[in-house]
Amino acid sequence: MNEIKKNLLELYNLKTEINKKGKEHAVFTCMVGKRYGQDDDNVQFMVVGRCANGWDEDKDYRDADAAERFSEHFIQNFTDYMNRDCYSWIIEENGKQRSKNNDSNGKPYNCETSRFWTYTRGVFHALGTKTDYCRIWQDKLVQSDLYKISPREKGNPSSRNMKKQEDICKRMLKSEIEFLRPTHVLFETETYRHDNPENTNGGWLFEDIKTKLKIAEYSENRKYIRYYGYYSLKQHKFCTDEGEVKIVVAVHPGANGITKADYVKQCTEVFESL
C-alpha cells in the first residue's frame with residue numbers, strides 16, 4: 001500500500017512539472033467498482049486502456065499540501081472502494097449510459113457511442129460476470145490505463161511525456177494488479193494496422209508485460225488479439241494467496257473496421273482458452 005501511495009505522489013508531482021511547460025494535463029487514477037470482488041464472483045474483471053482525457057478530480061488539489069492530500073484521497077480507491085462510488089459520474093436511464101456532467105463542448109459524454117465502453121461491456125457480460133445488486137455494470141469493474149498523465153481536454157500524451165511517466169506507470173499498474181487481484185485483465189491498447197495486421201511493432205503495451213505473454217499468431221478469427229497468457233500474482237501482507245491472472249491484449253477498439261461482435265467473440269474465446 002505504501003508503494004501505491006508513493007506512486008500517486010510521484011504522478012501528481014510529475015503532472016505539476018509537465019503543466020509548467022504548456023498544455024494542462026490531468027492525472028487519471030484507477031477506478032474500482034464498489035461491488036468489485038463481491039458476490040462470490042468467479043470473474044473479477046479489469047480493463048486497461050491507453051490514457052484518459054476529461055479527468056478533473058485533481059483540480060481540487062492545488063495548495064502547498066496538494067500532492068500529499070491527492071495521494072491520501074485516491075489511495076482510498078483501493079482501501080475503501082466498497083464505500084466509495086468511483087463511477088458516480090455515470091448516469092443510466094432506460095438502459096442508456098451517459099456522464100452526469102457536460103464535457104468541454106457542453107454536452108454529456110455518451111457511453112453508448114464509445115467503443116471502449118460498449119465493447120468492454122460485451123466482453124464483461126460474455127465472461128458471465130454477475131451484476132446482481134449493482135446500480136450499473138461498472139460497479140463490478142476495475143478500469144485503469146497504461147499512462148496516467150494525459151492532456152486534460154483531448155489527445156494522447158506526447159512521446160516525451162510518455163517517456164517521463166513510463167517507469168512510474170509500470171510500477172503503478174503492477175501495484176494495481178497485485179493489490180486488486182483480478183482474475184481477468186483485458187488490455188485494449190494495441191494498434192490495428194489494416195495494411196499489415198501481423199506487424200505489432202510500435203505497440204503501446206509495456207515491454208515487461210509483453211515478455212510474460214505469448215504472441216498471438218495472426219488469423220482471421222484472431223485478428224484483434226496481439227498477446228495472451230498469464231500474470232503470476234505474489235503474496236503480500238494483504239493477501240497470502242498466490243495465483244495467476246488471465247491476460248488478453250487486444251487492439252484498441254476505436255480503429256475503423258473493427259466490429260463489436262467479432263471483437264467480443266475473439267477476446268472471450270481467448271480468455272476461455274486459458
# chains A, B, ... in the order shown; residues from 1 in each chain; ligands from 1

$ residues_around --residues "segment 264-271 of chain A" --least-positions-apart "4" --cutoff "9 Å" --atoms "only C-alpha atoms" --output "PDB file with C-alpha atoms, in the first residue's frame"
ATOM      1  CA  TYR A 119     -17.031  -3.376 -26.446  1.00  0.00           C
ATOM      2  CA  THR A 120     -15.745  -3.742 -22.877  1.00  0.00           C
ATOM      3  CA  ARG A 121     -19.305  -4.308 -21.680  1.00  0.00           C
ATOM      4  CA  GLY A 122     -19.699  -7.020 -24.310  1.00  0.00           C
ATOM      5  CA  VAL A 123     -16.648  -8.963 -23.086  1.00  0.00           C
ATOM      6  CA  PHE A 124     -17.593  -8.348 -19.444  1.00  0.00           C
ATOM      7  CA  ALA A 126     -19.809 -12.714 -22.183  1.00  0.00           C
ATOM      8  CA  LEU A 127     -17.497 -13.914 -19.404  1.00  0.00           C
ATOM      9  CA  HIS A 184      -9.124 -11.455 -16.000  1.00  0.00           C
ATOM     10  CA  LEU A 186      -8.183  -7.102 -20.892  1.00  0.00           C
ATOM     11  CA  ASN A 221     -10.601 -15.312 -36.284  1.00  0.00           C
ATOM     12  CA  ARG A 222      -7.886 -13.845 -34.033  1.00  0.00           C
ATOM     13  CA  LYS A 223      -7.020 -10.691 -35.922  1.00  0.00           C
ATOM     14  CA  TYR A 224      -7.815  -8.386 -32.982  1.00  0.00           C
ATOM     15  CA  ILE A 225      -5.634 -10.280 -30.480  1.00  0.00           C
ATOM     16  CA  TYR A 228      -2.254 -13.596 -24.297  1.00  0.00           C
ATOM     17  CA  GLY A 229      -1.126 -15.586 -21.278  1.00  0.00           C
ATOM     18  CA  LYS A 246      -5.568 -14.391 -17.312  1.00  0.00           C
ATOM     19  CA  ILE A 247      -4.319 -11.697 -19.688  1.00  0.00           C
ATOM     20  CA  VAL A 248      -5.593 -10.853 -23.167  1.00  0.00           C
ATOM     21  CA  VAL A 249      -4.067  -7.963 -25.095  1.00  0.00           C
ATOM     22  CA  ALA A 250      -6.252  -6.717 -27.937  1.00  0.00           C
ATOM     23  CA  THR A 259     -16.864  -4.907 -35.356  1.00  0.00           C
ATOM     24  CA  LYS A 260     -18.220  -5.369 -31.856  1.00  0.00           C
TER      25      LYS A 260
END

$ residues_around --residues "Glu24 of chain A" --least-positions-apart "3" --cutoff "10 Å" --atoms "only C-alpha atoms" --output "list of chain:residue names"
A:Lys15, A:Thr16, A:Ile18, A:Asn19, A:Lys20, A:Lys21, A:Ser150, A:Pro151, A:Arg152, A:Glu153

$ residues_around --residues "Val32 of chain A" --least-positions-apart "4" --cutoff "9 Å" --atoms "only C-alpha atoms" --output "list in words"
Tyr36, Met46, Asn77, Phe78, Tyr81, Met82, Arg84, Asp85, Cys86, Tyr87, Gln138, Asp139, Lys140, Leu141, Val142, Gln143, Ser144 and Leu180 of chain A

$ select_by_dssp --residues "segment 65-247 of chain A" --states "strand (DSSP E)" --output "number ranges by chain"
A: 90-93, 96-102, 108-110, 141-145, 149-151, 184-190, 213-215, 225-233, 243-247

$ write_last_selection --atoms "C-alpha atoms" --output "mmCIF file, in the first residue's frame"
data_model
loop_
_atom_site.group_PDB
_atom_site.id
_atom_site.type_symbol
_atom_site.label_atom_id
_atom_site.label_comp_id
_atom_site.auth_asym_id
_atom_site.auth_seq_id
_atom_site.Cartn_x
_atom_site.Cartn_y
_atom_site.Cartn_z
ATOM 1 C CA ILE A 90 -22.211 7.674 -14.906
ATOM 2 C CA ILE A 91 -25.992 8.023 -15.100
ATOM 3 C CA GLU A 92 -28.110 5.214 -16.531
ATOM 4 C CA GLU A 93 -31.611 5.917 -17.828
ATOM 5 C CA LYS A 96 -28.570 4.013 -21.708
ATOM 6 C CA GLN A 97 -25.494 5.457 -20.028
ATOM 7 C CA ARG A 98 -24.116 8.994 -20.120
ATOM 8 C CA SER A 99 -21.958 11.187 -17.915
ATOM 9 C CA LYS A 100 -23.503 13.279 -15.174
ATOM 10 C CA ASN A 101 -21.645 16.425 -16.214
ATOM 11 C CA ASN A 102 -21.047 18.060 -19.577
ATOM 12 C CA PRO A 108 -22.597 14.914 -21.633
ATOM 13 C CA TYR A 109 -20.215 12.123 -22.571
ATOM 14 C CA ASN A 110 -22.275 9.374 -24.221
ATOM 15 C CA LEU A 141 -15.283 -3.320 -12.970
ATOM 16 C CA VAL A 142 -11.729 -2.129 -12.427
ATOM 17 C CA GLN A 143 -10.681 0.424 -15.033
ATOM 18 C CA SER A 144 -7.119 1.576 -15.471
ATOM 19 C CA ASP A 145 -4.826 2.982 -18.157
ATOM 20 C CA ILE A 149 -0.944 11.598 -17.135
ATOM 21 C CA SER A 150 -2.519 12.941 -20.324
ATOM 22 C CA PRO A 151 -3.835 16.235 -21.720
ATOM 23 C CA HIS A 184 -9.124 -11.455 -16.000
ATOM 24 C CA VAL A 185 -7.361 -8.393 -17.426
ATOM 25 C CA LEU A 186 -8.183 -7.102 -20.892
ATOM 26 C CA PHE A 187 -5.739 -4.619 -22.398
ATOM 27 C CA GLU A 188 -7.479 -2.593 -25.132
ATOM 28 C CA THR A 189 -4.307 -0.844 -26.145
ATOM 29 C CA GLU A 190 -2.665 -2.017 -29.342
ATOM 30 C CA LEU A 213 2.957 -13.352 -22.645
ATOM 31 C CA LYS A 214 2.695 -15.326 -25.868
ATOM 32 C CA ILE A 215 2.425 -13.564 -29.213
ATOM 33 C CA ILE A 225 -5.634 -10.280 -30.480
ATOM 34 C CA ARG A 226 -1.969 -9.407 -30.058
ATOM 35 C CA TYR A 227 -0.810 -11.257 -26.908
ATOM 36 C CA TYR A 228 -2.254 -13.596 -24.297
ATOM 37 C CA GLY A 229 -1.126 -15.586 -21.278
ATOM 38 C CA TYR A 230 -0.808 -15.357 -17.524
ATOM 39 C CA TYR A 231 0.470 -12.913 -14.944
ATOM 40 C CA SER A 232 1.625 -14.559 -11.718
ATOM 41 C CA LEU A 233 0.457 -12.935 -8.505
ATOM 42 C CA GLY A 243 -2.419 -17.221 -8.265
ATOM 43 C CA GLU A 244 -2.444 -16.405 -11.945
ATOM 44 C CA VAL A 245 -4.294 -13.693 -13.809
ATOM 45 C CA LYS A 246 -5.568 -14.391 -17.312
ATOM 46 C CA ILE A 247 -4.319 -11.697 -19.688
#

$ closest_residue --among "A:Ser71, A:Thr211, A:Ser159, A:Thr183" --to "Asn13 of chain A" --atoms "only C-alpha atoms"
A:Ser71

$ residues_around --residues "Leu8 of chain A" --least-positions-apart "6" --cutoff "8 Å" --atoms "only C-alpha atoms" --output "MDAnalysis selection string"
chainID A and resid 70:71 74:75

$ select_by_dssp --residues "segment 159-233 of chain A" --states "helix (DSSP H, G or I)" --output "list in words"
Ser159, Arg160, Asn161, Met162, Lys163, Lys164, Gln165, Glu166, Asp167, Ile168, Cys169, Lys170, Arg171, Met172, Leu173, Lys174, Ser175, Glu176, Ile177, Glu178, Phe179, Leu180, Glu207, Asp208, Ile209, Lys210, Glu220, Asn221 and Arg222 of chain A

$ closest_residue --among "A:Asn83, A:Thr113, A:Ser158, A:Thr129" --to "Gln44 of chain A" --atoms "only C-alpha atoms"
A:Thr129

$ atom_distance --atom1 "atom CA of Asn105 of chain A" --atom2 "atom CA of His73 of chain A"
28.7 Å

$ closest_residue --among "A:Gly33, A:Glu207, A:Glu17, A:Ala261" --to "Val47 of chain A" --atoms "only C-alpha atoms"
A:Gly33

$ closest_residue --among "A:Trp137, A:Tyr218, A:Tyr147, A:Ile209" --to "Thr118 of chain A" --atoms "only C-alpha atoms"
A:Trp137
